[in-house]
>>> print(open('entry_26.csv').read())   # CSV, C-alpha atoms
chain,number,residue,atom,x,y,z
C,179,MET,CA,32.6,-2.7,4.9
C,180,GLU,CA,35.1,-4.4,7.2
C,181,LYS,CA,32.9,-7.4,8.0
C,182,LYS,CA,31.4,-9.3,5.1
C,183,ILE,CA,27.6,-9.5,4.7
C,184,ARG,CA,26.6,-13.1,5.3
C,185,VAL,CA,23.8,-14.2,3.0
C,186,LEU,CA,21.5,-17.2,3.2
C,187,ILE,CA,19.9,-18.1,-0.2
C,188,VAL,CA,16.5,-19.8,0.1
C,189,ASP,CA,15.1,-21.1,-3.3
C,190,ASP,CA,13.8,-24.4,-4.5
C,191,SER,CA,15.6,-24.0,-7.9
C,192,ALA,CA,19.1,-25.4,-7.9
C,193,VAL,CA,19.9,-23.1,-10.9
C,194,VAL,CA,18.9,-20.0,-9.0
C,195,ARG,CA,20.8,-21.1,-5.9
C,196,GLN,CA,24.0,-21.7,-7.9
C,197,SER,CA,23.6,-18.5,-9.9
C,198,LEU,CA,23.0,-16.3,-6.8
C,199,SER,CA,25.9,-18.0,-4.9
C,200,SER,CA,28.5,-17.4,-7.6
C,201,ILE,CA,27.4,-13.8,-8.2
C,202,LEU,CA,27.2,-12.8,-4.5
C,203,GLU,CA,30.5,-14.6,-3.7
C,204,ALA,CA,32.3,-12.6,-6.4
C,205,ASP,CA,31.6,-9.4,-4.4
C,206,PRO,CA,34.4,-8.8,-1.9
C,207,GLU,CA,31.9,-7.4,0.6
C,208,ILE,CA,29.5,-10.4,0.5
C,209,GLU,CA,29.8,-14.0,1.8
C,210,VAL,CA,27.2,-16.8,1.1
C,211,MET,CA,27.0,-18.6,4.3
C,212,GLY,CA,24.7,-21.3,2.9
C,213,THR,CA,21.8,-22.2,0.7
C,214,ALA,CA,18.4,-24.0,1.4
C,215,SER,CA,15.9,-25.5,-1.0
C,216,ASP,CA,13.0,-24.7,1.3
C,217,PRO,CA,12.2,-22.8,4.5
C,218,ILE,CA,12.3,-25.9,6.7
C,219,ILE,CA,16.0,-26.4,5.8
C,220,ALA,CA,16.5,-22.7,6.2
C,221,VAL,CA,15.2,-22.7,9.8
C,222,LYS,CA,17.7,-25.4,10.7
C,223,LYS,CA,20.6,-23.3,9.2
C,224,ILE,CA,19.5,-20.1,11.0
C,225,GLN,CA,19.4,-21.9,14.3
C,226,LYS,CA,23.1,-22.7,13.9
C,227,GLU,CA,24.1,-19.3,12.4
C,228,VAL,CA,22.1,-16.2,11.9
C,229,PRO,CA,22.7,-14.5,8.5
C,230,ASP,CA,22.8,-10.8,7.9
C,231,VAL,CA,20.5,-11.1,4.9
C,232,ILE,CA,18.2,-13.8,3.5
C,233,THR,CA,17.2,-14.0,-0.2
C,234,LEU,CA,13.9,-15.7,-0.4
C,235,ASP,CA,11.8,-17.3,-3.1
C,236,ILE,CA,8.0,-17.1,-2.6
C,237,GLU,CA,6.8,-20.3,-4.2
C,238,MET,CA,8.5,-23.3,-2.5
C,239,PRO,CA,7.6,-26.8,-1.2
C,240,ARG,CA,6.7,-27.6,2.4
C,241,MET,CA,6.3,-23.9,3.4
C,242,ASP,CA,5.7,-20.9,1.1
C,243,GLY,CA,8.0,-17.9,1.3
C,244,LEU,CA,5.4,-15.5,2.6
C,245,THR,CA,4.6,-17.7,5.6
C,246,PHE,CA,8.3,-18.1,6.3
C,247,LEU,CA,8.8,-14.3,6.1
C,248,ARG,CA,5.9,-13.7,8.5
C,249,LYS,CA,7.4,-16.1,11.0
C,250,ILE,CA,10.9,-14.5,10.7
C,251,MET,CA,9.6,-11.0,11.2
C,252,ALA,CA,7.4,-11.9,14.1
C,253,GLN,CA,10.1,-13.9,16.0
C,254,HIS,CA,13.6,-12.9,14.9
C,255,PRO,CA,13.6,-10.1,12.3
C,256,ILE,CA,16.3,-10.5,9.6
C,257,PRO,CA,16.6,-8.3,6.4
C,258,VAL,CA,15.0,-10.3,3.6
C,259,VAL,CA,15.3,-9.8,-0.2
C,260,VAL,CA,12.3,-11.4,-1.9
C,261,ILE,CA,12.7,-13.0,-5.3
C,262,SER,CA,9.4,-13.3,-6.9
C,263,SER,CA,8.2,-14.6,-10.3
C,264,LEU,CA,6.9,-12.0,-12.7
C,265,THR,CA,3.3,-13.1,-12.8
C,266,THR,CA,0.1,-11.4,-11.7
C,267,LYS,CA,0.0,-13.7,-8.7
C,268,GLY,CA,3.7,-13.3,-8.0
C,269,THR,CA,3.6,-9.5,-7.9
C,270,GLU,CA,0.6,-9.4,-5.6
C,271,VAL,CA,2.3,-11.8,-3.2
C,272,ALA,CA,5.5,-9.7,-3.4
C,273,MET,CA,3.5,-6.6,-2.3
C,274,LYS,CA,2.3,-8.6,0.7
C,275,ALA,CA,5.9,-9.5,1.4
C,276,LEU,CA,6.9,-5.8,1.5
C,277,GLU,CA,4.0,-5.2,3.9
C,278,TYR,CA,5.3,-7.9,6.2
C,279,GLY,CA,8.8,-6.4,6.4
C,280,ALA,CA,10.8,-7.5,3.3
C,281,SER,CA,13.5,-5.0,2.5
C,282,GLU,CA,13.6,-5.4,-1.3
C,283,ILE,CA,12.1,-7.2,-4.3
C,284,ILE,CA,13.8,-8.8,-7.2
C,285,GLY,CA,11.8,-10.0,-10.2
C,286,LYS,CA,12.6,-13.5,-11.4
C,287,PRO,CA,11.6,-14.2,-15.1
C,288,SER,CA,10.2,-17.6,-15.7
C,289,MET,CA,12.7,-18.2,-18.6
C,290,ASN,CA,16.5,-18.1,-18.3
C,291,PRO,CA,16.8,-17.0,-14.7
C,292,ASP,CA,20.5,-17.9,-14.8
C,293,VAL,CA,21.2,-15.4,-17.6
C,294,PHE,CA,19.0,-12.8,-15.9
C,295,PHE,CA,20.9,-13.0,-12.6
C,296,LYS,CA,24.3,-12.9,-14.3
C,297,GLU,CA,23.5,-9.8,-16.4
C,298,SER,CA,22.1,-8.1,-13.3
C,299,HIS,CA,24.9,-8.9,-11.0
C,300,ILE,CA,25.7,-5.4,-9.8
C,301,MET,CA,22.1,-4.7,-9.1
C,302,LEU,CA,21.8,-7.9,-7.1
C,303,CYS,CA,24.8,-7.1,-4.9
C,304,ASP,CA,23.5,-3.5,-4.4
C,305,VAL,CA,20.1,-4.8,-3.3
C,306,VAL,CA,21.7,-7.2,-0.8
C,307,LYS,CA,23.9,-4.4,0.6
C,308,ALA,CA,20.9,-2.1,1.0
C,309,ALA,CA,19.0,-4.8,2.8
C,310,ALA,CA,22.0,-5.3,5.2
C,311,LEU,CA,21.9,-1.6,6.1
C,312,SER,CA,18.2,-1.5,6.6
C,313,LYS,CA,16.5,-1.1,10.0
C,314,ILE,CA,14.3,-4.1,10.6
C,315,LYS,CA,11.5,-4.1,13.1
C,316,ARG,CA,9.3,-6.9,14.5
C,317,ILE,CA,6.0,-7.2,12.7
C,318,ASN,CA,2.8,-8.3,14.3
C,319,PRO,CA,0.9,-10.0,11.5
C,320,GLU,CA,-2.5,-9.8,13.3
C,321,GLU,CA,-2.2,-6.1,13.9
C,322,TYR,CA,-1.1,-5.5,10.3
C,323,ALA,CA,-4.1,-7.4,9.0
C,324,GLN,CA,-6.5,-5.4,11.1
C,325,GLN,CA,-4.9,-2.2,9.9
C,326,ARG,CA,-5.2,-3.2,6.3
C,327,GLN,CA,-8.9,-4.2,6.8
C,328,ALA,CA,-9.7,-0.7,8.1
C,329,GLU,CA,-8.2,1.0,5.0
C,330,LYS,CA,-10.3,2.3,2.2
C,331,PRO,CA,-11.9,-0.5,0.1
C,332,GLN,CA,-11.6,-0.4,-3.7
C,333,PRO,CA,-12.9,-2.6,-6.5
C,334,ALA,CA,-10.4,-5.3,-7.4
C,335,PRO,CA,-8.2,-4.2,-10.3
C,336,ALA,CA,-8.6,-6.0,-13.6
C,337,PRO,CA,-6.1,-8.8,-14.0
C,338,ARG,CA,-3.0,-7.9,-15.8
C,339,ARG,CA,-1.6,-10.1,-18.6
C,340,GLU,CA,1.3,-12.2,-17.3
C,341,THR,CA,4.7,-11.1,-18.7
C,342,THR,CA,8.3,-11.9,-18.2
C,343,ILE,CA,11.4,-9.6,-18.6
C,344,PRO,CA,13.1,-10.5,-21.9
C,345,THR,CA,16.7,-11.1,-21.0
C,346,ALA,CA,17.9,-9.2,-24.0
C,347,ASN,CA,16.6,-6.0,-22.3
C,348,ILE,CA,18.6,-6.5,-19.1
C,349,THR,CA,21.9,-4.7,-19.5
C,350,GLN,CA,25.0,-5.4,-17.4
C,351,VAL,CA,25.6,-2.4,-15.3
C,352,SER,CA,29.2,-1.1,-15.5
C,353,PRO,CA,29.2,2.7,-16.2
C,354,LYS,CA,27.3,4.8,-13.6
C,355,TYR,CA,25.5,7.4,-15.7
C,356,SER,CA,24.1,10.6,-14.4
C,357,ALA,CA,20.7,12.2,-15.5
C,358,ASP,CA,22.6,13.8,-18.4
C,359,VAL,CA,22.1,10.7,-20.5
C,360,VAL,CA,18.3,11.1,-20.3
C,361,LEU,CA,17.7,14.9,-20.0
C,362,GLU,CA,20.3,17.7,-20.2
C,363,LYS,CA,20.5,20.1,-17.3
C,364,GLY,CA,18.3,23.2,-18.0
C,365,ASN,CA,19.3,26.8,-17.5
C,366,LEU,CA,18.3,27.8,-13.9
C,367,ASN,CA,17.9,31.3,-15.1
C,368,ASP,CA,15.0,30.3,-17.4
C,369,VAL,CA,11.8,32.1,-16.5
C,370,ILE,CA,9.2,29.7,-15.3
C,371,VAL,CA,5.7,31.0,-15.2
C,372,ASP,CA,3.6,30.6,-12.0
C,373,THR,CA,1.4,27.6,-12.5
C,374,GLU,CA,-0.2,24.8,-10.4
C,375,THR,CA,1.8,23.4,-7.6
C,376,VAL,CA,3.1,19.9,-8.3
C,377,ILE,CA,4.9,17.4,-5.9
C,378,VAL,CA,7.7,15.1,-7.0
C,379,LEU,CA,8.9,12.3,-4.7
C,380,GLY,CA,11.6,9.7,-4.8
C,381,ALA,CA,12.4,6.7,-2.6
C,382,SER,CA,14.2,3.3,-2.6
C,383,THR,CA,14.8,0.8,0.2
C,384,GLY,CA,12.0,1.1,2.7
C,385,GLY,CA,10.1,3.4,0.4
C,386,THR,CA,7.1,1.3,-0.3
C,387,GLU,CA,5.9,1.6,3.3
C,388,ALA,CA,7.1,5.2,3.6
C,389,ILE,CA,5.1,6.2,0.5
C,390,ARG,CA,2.1,4.4,2.0
C,391,VAL,CA,2.4,6.5,5.2
C,392,VAL,CA,2.7,9.8,3.2
C,393,LEU,CA,-0.3,9.1,1.0
C,394,ARG,CA,-2.6,7.5,3.6
C,395,ASP,CA,-3.8,10.8,5.1
C,396,MET,CA,-3.3,13.0,2.1
C,397,PRO,CA,-6.4,15.1,1.3
C,398,GLU,CA,-8.2,14.2,-2.0
C,399,GLN,CA,-7.6,17.6,-3.6
C,400,MET,CA,-3.8,17.8,-3.1
C,401,PRO,CA,-1.7,18.8,-6.1
C,402,GLY,CA,-0.7,16.1,-8.5
C,403,ILE,CA,2.2,13.9,-7.2
C,404,ALA,CA,4.7,12.1,-9.4
C,405,ILE,CA,6.6,9.3,-7.6
C,406,VAL,CA,9.7,7.3,-8.5
C,407,GLN,CA,10.1,4.2,-6.2
C,408,HIS,CA,13.0,1.9,-7.2
C,409,MET,CA,11.1,-1.3,-8.1
C,410,PRO,CA,11.4,-4.0,-10.8
C,411,GLU,CA,9.3,-4.1,-13.9
C,412,GLY,CA,6.0,-5.9,-13.3
C,413,PHE,CA,5.7,-4.9,-9.7
C,414,THR,CA,4.8,-1.2,-9.9
C,415,ARG,CA,1.2,-1.9,-11.2
C,416,SER,CA,0.4,-4.0,-8.0
C,417,PHE,CA,2.2,-1.3,-5.9
C,418,SER,CA,0.0,1.4,-7.4
C,419,ASN,CA,-3.1,-0.6,-6.9
C,420,SER,CA,-2.3,-1.2,-3.3
C,421,LEU,CA,-1.7,2.5,-2.7
C,422,ASN,CA,-5.0,3.4,-4.5
C,423,ASN,CA,-6.8,1.2,-2.0
C,424,ILE,CA,-5.6,3.3,1.0
C,425,SER,CA,-5.4,6.8,-0.5
C,426,LYS,CA,-8.1,9.4,-1.0
C,427,MET,CA,-6.2,10.4,-4.2
C,428,GLU,CA,-6.3,8.4,-7.4
C,429,VAL,CA,-3.1,6.4,-7.6
C,430,LYS,CA,-2.0,4.7,-10.9
C,431,GLU,CA,1.0,3.3,-12.6
C,432,ALA,CA,2.0,6.0,-15.1
C,433,GLU,CA,1.6,5.6,-18.8
C,434,ASN,CA,3.3,7.8,-21.4
C,435,GLY,CA,1.3,11.1,-21.8
C,436,ASP,CA,-0.8,10.7,-18.6
C,437,LYS,CA,-1.9,14.1,-17.3
C,438,LEU,CA,-0.9,15.0,-13.7
C,439,TYR,CA,-3.5,17.1,-11.9
C,440,ARG,CA,-5.0,17.7,-8.5
C,441,GLY,CA,-6.1,14.5,-6.8
C,442,ARG,CA,-3.9,12.2,-8.9
C,443,VAL,CA,-0.7,10.3,-8.1
C,444,LEU,CA,1.4,8.7,-10.8
C,445,ILE,CA,3.9,6.0,-10.0
C,446,ALA,CA,6.8,5.5,-12.5
C,447,PRO,CA,6.6,2.0,-14.0
C,448,GLY,CA,9.5,-0.4,-13.3
C,449,ASN,CA,12.3,-0.4,-15.9
C,450,LYS,CA,11.2,3.0,-17.4
C,451,HIS,CA,12.3,6.5,-16.6
C,452,MET,CA,9.5,9.0,-15.8
C,453,LEU,CA,9.9,12.7,-16.6
C,454,LEU,CA,7.6,15.6,-15.6
C,455,LYS,CA,6.6,17.8,-18.6
C,456,ARG,CA,4.4,20.8,-19.1
C,457,VAL,CA,2.4,22.4,-21.9
C,458,GLY,CA,1.1,25.8,-20.9
C,459,LYS,CA,-0.1,25.3,-17.3
C,460,GLU,CA,-0.9,21.6,-17.6
C,461,TYR,CA,1.5,18.9,-16.4
C,462,PHE,CA,1.9,15.5,-17.9
C,463,VAL,CA,4.5,12.7,-17.7
C,464,GLU,CA,6.7,11.2,-20.3
C,465,VAL,CA,7.6,7.5,-19.8
C,466,LYS,CA,10.6,6.4,-21.7
C,467,GLU,CA,13.4,3.9,-22.2
C,468,GLY,CA,17.0,5.0,-21.5
C,469,PRO,CA,20.2,3.9,-19.8
C,470,LEU,CA,20.3,3.2,-16.1
C,471,VAL,CA,21.0,6.4,-14.1
C,472,ASN,CA,22.8,5.9,-10.8
C,473,ARG,CA,22.3,2.2,-11.6
C,474,HIS,CA,18.5,2.7,-11.5
C,475,ARG,CA,15.6,2.8,-14.0
C,476,PRO,CA,13.4,4.6,-13.1
C,477,SER,CA,15.8,7.2,-11.6
C,478,VAL,CA,14.8,9.8,-9.0
C,479,ASP,CA,17.4,12.2,-10.4
C,480,VAL,CA,15.7,12.1,-13.8
C,481,LEU,CA,12.3,12.9,-12.3
C,482,PHE,CA,13.7,15.7,-10.2
C,483,ARG,CA,15.7,17.2,-13.0
C,484,SER,CA,12.7,17.3,-15.3
C,485,ALA,CA,10.7,19.0,-12.5
C,486,ALA,CA,13.4,21.6,-12.1
C,487,ARG,CA,13.1,22.4,-15.8
C,488,TYR,CA,9.4,22.3,-16.3
C,489,ALA,CA,8.0,23.2,-12.8
C,490,GLY,CA,10.8,25.0,-11.0
C,491,LYS,CA,9.6,27.0,-8.0
C,492,ASN,CA,6.1,25.6,-8.5
C,493,ALA,CA,7.3,22.2,-7.4
C,494,ILE,CA,7.8,20.7,-4.0
C,495,GLY,CA,10.5,18.0,-3.9
C,496,VAL,CA,10.5,15.1,-1.4
C,497,ILE,CA,13.3,12.5,-0.9
C,498,LEU,CA,12.6,9.5,1.3
C,499,THR,CA,14.5,6.5,2.6
C,500,GLY,CA,16.8,4.6,0.3
C,501,MET,CA,20.4,3.4,-0.2
C,502,GLY,CA,22.8,5.3,-2.5
C,503,ASN,CA,22.6,8.9,-3.9
C,504,ASP,CA,20.0,8.7,-6.6
C,505,GLY,CA,17.9,11.9,-6.3
C,506,ALA,CA,20.4,14.0,-4.3
C,507,LYS,CA,21.8,16.0,-7.2
C,508,GLY,CA,18.4,16.3,-8.8
C,509,LEU,CA,16.8,17.6,-5.6
C,510,LYS,CA,19.6,20.2,-5.4
C,511,GLU,CA,18.8,21.3,-9.0
C,512,LEU,CA,15.2,21.6,-8.0
C,513,HIS,CA,16.0,23.5,-4.8
C,514,ASP,CA,18.1,26.0,-6.8
C,515,THR,CA,15.1,27.0,-8.8
C,516,GLY,CA,13.3,28.1,-5.7
C,517,ALA,CA,11.3,24.9,-5.1
C,518,HIS,CA,10.8,23.9,-1.5
C,519,CYS,CA,12.5,20.5,-0.8
C,520,ILE,CA,12.0,18.0,2.1
C,521,ALA,CA,14.3,15.1,3.2
C,522,GLN,CA,13.3,12.3,5.5
C,523,ASP,CA,15.4,12.2,8.7
C,524,GLU,CA,17.8,9.5,9.8
C,525,GLN,CA,15.8,8.1,12.7
C,526,SER,CA,12.7,7.3,10.6
C,527,SER,CA,14.5,6.1,7.5
C,528,VAL,CA,15.0,2.4,6.9
C,529,VAL,CA,18.2,3.3,5.1
C,530,PHE,CA,19.5,6.9,5.5
C,531,GLY,CA,21.4,7.0,2.2
C,532,MET,CA,19.5,9.1,-0.4
C,533,PRO,CA,18.2,11.7,2.1
C,534,LYS,CA,21.7,12.0,3.7
C,535,GLU,CA,23.3,12.7,0.3
C,536,ALA,CA,20.6,15.2,-0.5
C,537,ILE,CA,21.2,17.0,2.8
C,538,LYS,CA,24.9,17.0,2.2
C,539,GLU,CA,24.2,18.7,-1.2
C,540,GLY,CA,22.4,21.5,0.6
C,541,ALA,CA,19.1,20.5,-1.2
C,542,ALA,CA,16.8,20.2,1.9
C,543,ASP,CA,14.8,23.0,3.3
C,544,ASP,CA,13.2,20.6,5.9
C,545,VAL,CA,14.6,17.4,7.4
C,546,LEU,CA,11.6,15.7,8.9
C,547,SER,CA,10.4,12.5,10.5
C,548,LEU,CA,8.3,10.4,8.1
C,549,ASP,CA,5.2,11.0,10.2
C,550,LYS,CA,5.6,14.8,9.7
C,551,VAL,CA,6.0,14.8,5.9
C,552,THR,CA,2.3,14.7,5.0
C,553,ASP,CA,1.4,17.6,7.4
C,554,ARG,CA,4.2,19.7,6.1
C,555,LEU,CA,3.1,19.1,2.5
C,556,ILE,CA,-0.4,20.1,3.3
C,557,GLN,CA,0.9,23.2,5.1
C,558,LEU,CA,3.1,24.3,2.1
C,559,VAL,CA,0.2,23.9,-0.3
C,560,LYS,CA,-2.1,26.0,1.9
C,561,MET,CA,0.6,28.7,2.1
C,562,ARG,CA,0.9,28.7,-1.7
C,563,ASN,CA,-2.9,28.9,-2.2
C,564,LYS,CA,-3.3,32.0,-0.1
>>> encode(input="entry_26.csv", output="structure tokens")
Amino acid sequence: MEKKIRVLIVDDSAVVRQSLSSILEADPEIEVMGTASDPIIAVKKIQKEVPDVITLDIEMPRMDGLTFLRKIMAQHPIPVVVISSLTTKGTEVAMKALEYGASEIIGKPSMNPDVFFKESHIMLCDVVKAAALSKIKRINPEEYAQQRQAEKPQPAPAPRRETTIPTANITQVSPKYSADVVLEKGNLNDVIVDTETVIVLGASTGGTEAIRVVLRDMPEQMPGIAIVQHMPEGFTRSFSNSLNNISKMEVKEAENGDKLYRGRVLIAPGNKHMLLKRVGKEYFVEVKEGPLVNRHRPSVDVLFRSAARYAGKNAIGVILTGMGNDGAKGLKELHDTGAHCIAQDEQSSVVFGMPKEAIKEGAADDVLSLDKVTDRLIQLVKMRNK
């Protein structure tokens, strides 16, 4: 990028402000234009100079981050990266932040945040760059609240035990591995028996709302859907629960060995890869550790490659909005087995990175606006069922 991305850091922790500043400033494409210990100070800085991206803590004095975010998105939309503590309350608030227009989430452990940020420096810079490229629209909080109230009610999920990410498990990202480190490429000439249709979907920046749009009007008895959304550990449970509230299908965070069948959607847990597997004609998922692939865990490429091997032409692949190229090569492998593959178009993508790379690979049979994806999936399933 010719012009540096100007970032305003808003966090009440001096340690976090200092850590983020030093990490972001070390990237030649990023400039920290200032820091603020609370939203009131941040507003004064924004009035003097508008940043390209804001990193925003949720729990702060004088004004909480969610209120500040709603005001920004309603009055002067700016890309926002939310930094939220890894607690049950923190993850639920972070989901609200995404609904109100935040571009990305970063999980902040309660212990040793300085060590966490330093070990995750490439991921942090990538997230800021993705936010800078994202299309931001003005949000009307009242209309959004009315829309959510009209969605399908569900019993409140059981509270999840609060956890933090052990810093020893956060690895510094230097090599950029392909899906080979998790699953070797299969032989495309392998005979794959006809079995149930299965849908595999991948997304990143902007994907939380895109996935919500795709699932909202999905019929209850659609084929099983396996989804990788780039999201930190601790947040995918809340994300899955929020999707379950608006979908006719059952949506849950995947656990190792979960079966994938009609009417069920499985979301890859943060910080774990998810692979589609099959025994006979029954699908299930394997959730496992492993190196970051394309700087991500979970990786879309890993899911798509496993679908190419174990489902082949029985699968339908979908790649939605997101920065980078994760999923592009995997979708091409899936496409080459005879599977039908869909990419989101540029106009409706928050960031036209992953779909663009998939299209360049020749992996997309359809390039569709987000609001057309669900109807196309329904149509493809009906055609297969004839």
>>> closest_residue(input="entry_26.csv", among="C:Gln196, C:Thr552, C:Thr245, C:Ser382", to="Ile283 (chain C)", atoms="only C-alpha atoms")
C:Ser382
>>> residues_near_point(input="entry_26.csv", point="(11.4, 10.3, 1.3)", cutoff="10 Å", atoms="all atoms listed in the file", output="VMD selection string")
chain C and resid 379 to 382 384 to 385 388 to 389 392 407 495 to 500 520 to 523 526 to 527 530 532 to 533 545 to 548 551
>>> write_last_selection(input="entry_26.csv", atoms="C-alpha atoms", output="PDB file, keeping the file's coordinate frame")
ATOM      1  CA  LEU C 379       8.900  12.300  -4.700  1.00  0.00           C
ATOM      2  CA  GLY C 380      11.600   9.700  -4.800  1.00  0.00           C
ATOM      3  CA  ALA C 381      12.400   6.700  -2.600  1.00  0.00           C
ATOM      4  CA  SER C 382      14.200   3.300  -2.600  1.00  0.00           C
ATOM      5  CA  GLY C 384      12.000   1.100   2.700  1.00  0.00           C
ATOM      6  CA  GLY C 385      10.100   3.400   0.400  1.00  0.00           C
ATOM      7  CA  ALA C 388       7.100   5.200   3.600  1.00  0.00           C
ATOM      8  CA  ILE C 389       5.100   6.200   0.500  1.00  0.00           C
ATOM      9  CA  VAL C 392       2.700   9.800   3.200  1.00  0.00           C
ATOM     10  CA  GLN C 407      10.100   4.200  -6.200  1.00  0.00           C
ATOM     11  CA  GLY C 495      10.500  18.000  -3.900  1.00  0.00           C
ATOM     12  CA  VAL C 496      10.500  15.100  -1.400  1.00  0.00           C
ATOM     13  CA  ILE C 497      13.300  12.500  -0.900  1.00  0.00           C
ATOM     14  CA  LEU C 498      12.600   9.500   1.300  1.00  0.00           C
ATOM     15  CA  THR C 499      14.500   6.500   2.600  1.00  0.00           C
ATOM     16  CA  GLY C 500      16.800   4.600   0.300  1.00  0.00           C
ATOM     17  CA  ILE C 520      12.000  18.000   2.100  1.00  0.00           C
ATOM     18  CA  ALA C 521      14.300  15.100   3.200  1.00  0.00           C
ATOM     19  CA  GLN C 522      13.300  12.300   5.500  1.00  0.00           C
ATOM     20  CA  ASP C 523      15.400  12.200   8.700  1.00  0.00           C
ATOM     21  CA  SER C 526      12.700   7.300  10.600  1.00  0.00           C
ATOM     22  CA  SER C 527      14.500   6.100   7.500  1.00  0.00           C
ATOM     23  CA  PHE C 530      19.500   6.900   5.500  1.00  0.00           C
ATOM     24  CA  MET C 532      19.500   9.100  -0.400  1.00  0.00           C
ATOM     25  CA  PRO C 533      18.200  11.700   2.100  1.00  0.00           C
ATOM     26  CA  VAL C 545      14.600  17.400   7.400  1.00  0.00           C
ATOM     27  CA  LEU C 546      11.600  15.700   8.900  1.00  0.00           C
ATOM     28  CA  SER C 547      10.400  12.500  10.500  1.00  0.00           C
ATOM     29  CA  LEU C 548       8.300  10.400   8.100  1.00  0.00           C
ATOM     30  CA  VAL C 551       6.000  14.800   5.900  1.00  0.00           C
TER      31      VAL C 551
END
>>> residues_around(input="entry_26.csv", residues="Ile187 (chain C)", least_positions_apart="2", cutoff="7 Å", atoms="only C-alpha atoms", output="JSON, numbers by chain")
{"C": [185, 189, 195, 212, 213, 214, 232, 233, 234]}
>>> atom_distance(input="entry_26.csv", atom1="CA of Asn472 (chain C)", atom2="CA of Val193 (chain C)")
29.1 Å
>>> atom_distance(input="entry_26.csv", atom1="CA of Ile208 (chain C)", atom2="CA of Met241 (chain C)")
27.0 Å
>>> residues_near_point(input="entry_26.csv", point="(19.5, -17.7, -1.3)", cutoff="12 Å", atoms="only C-alpha atoms", output="ChimeraX atom specification")
/C:184-203,209-217,219-220,223,229-236,243,258-261,302,306
>>> atom_distance(input="entry_26.csv", atom1="CA of His474 (chain C)", atom2="CA of Ala542 (chain C)")
22.1 Å
>>> closest_residue(input="entry_26.csv", among="C:Thr375, C:Gln253, C:Ser356, C:Ser420", to="Glu270 (chain C)", atoms="all atoms listed in the file")
C:Ser420
>>> residues_around(input="entry_26.csv", residues="Ile556 (chain C)", least_positions_apart="3", cutoff="8 Å", atoms="all atoms listed in the file", output="list in words")
Met396, Met400, Thr552, Asp553, Val559 and Lys560 of chain C
>>> residues_around(input="entry_26.csv", residues="Val478 (chain C)", least_positions_apart="4", cutoff="7 Å", atoms="all atoms listed in the file", output="ChimeraX atom specification")
/C:380,406,482,504-505
>>> residues_around(input="entry_26.csv", residues="region 428-434 of chain C", least_positions_apart="4", cutoff="12 Å", atoms="all atoms listed in the file", output="ChimeraX atom specification")
/C:332,335,389-390,393-394,396-407,409,411-424,438-448,450-455,462-467,476
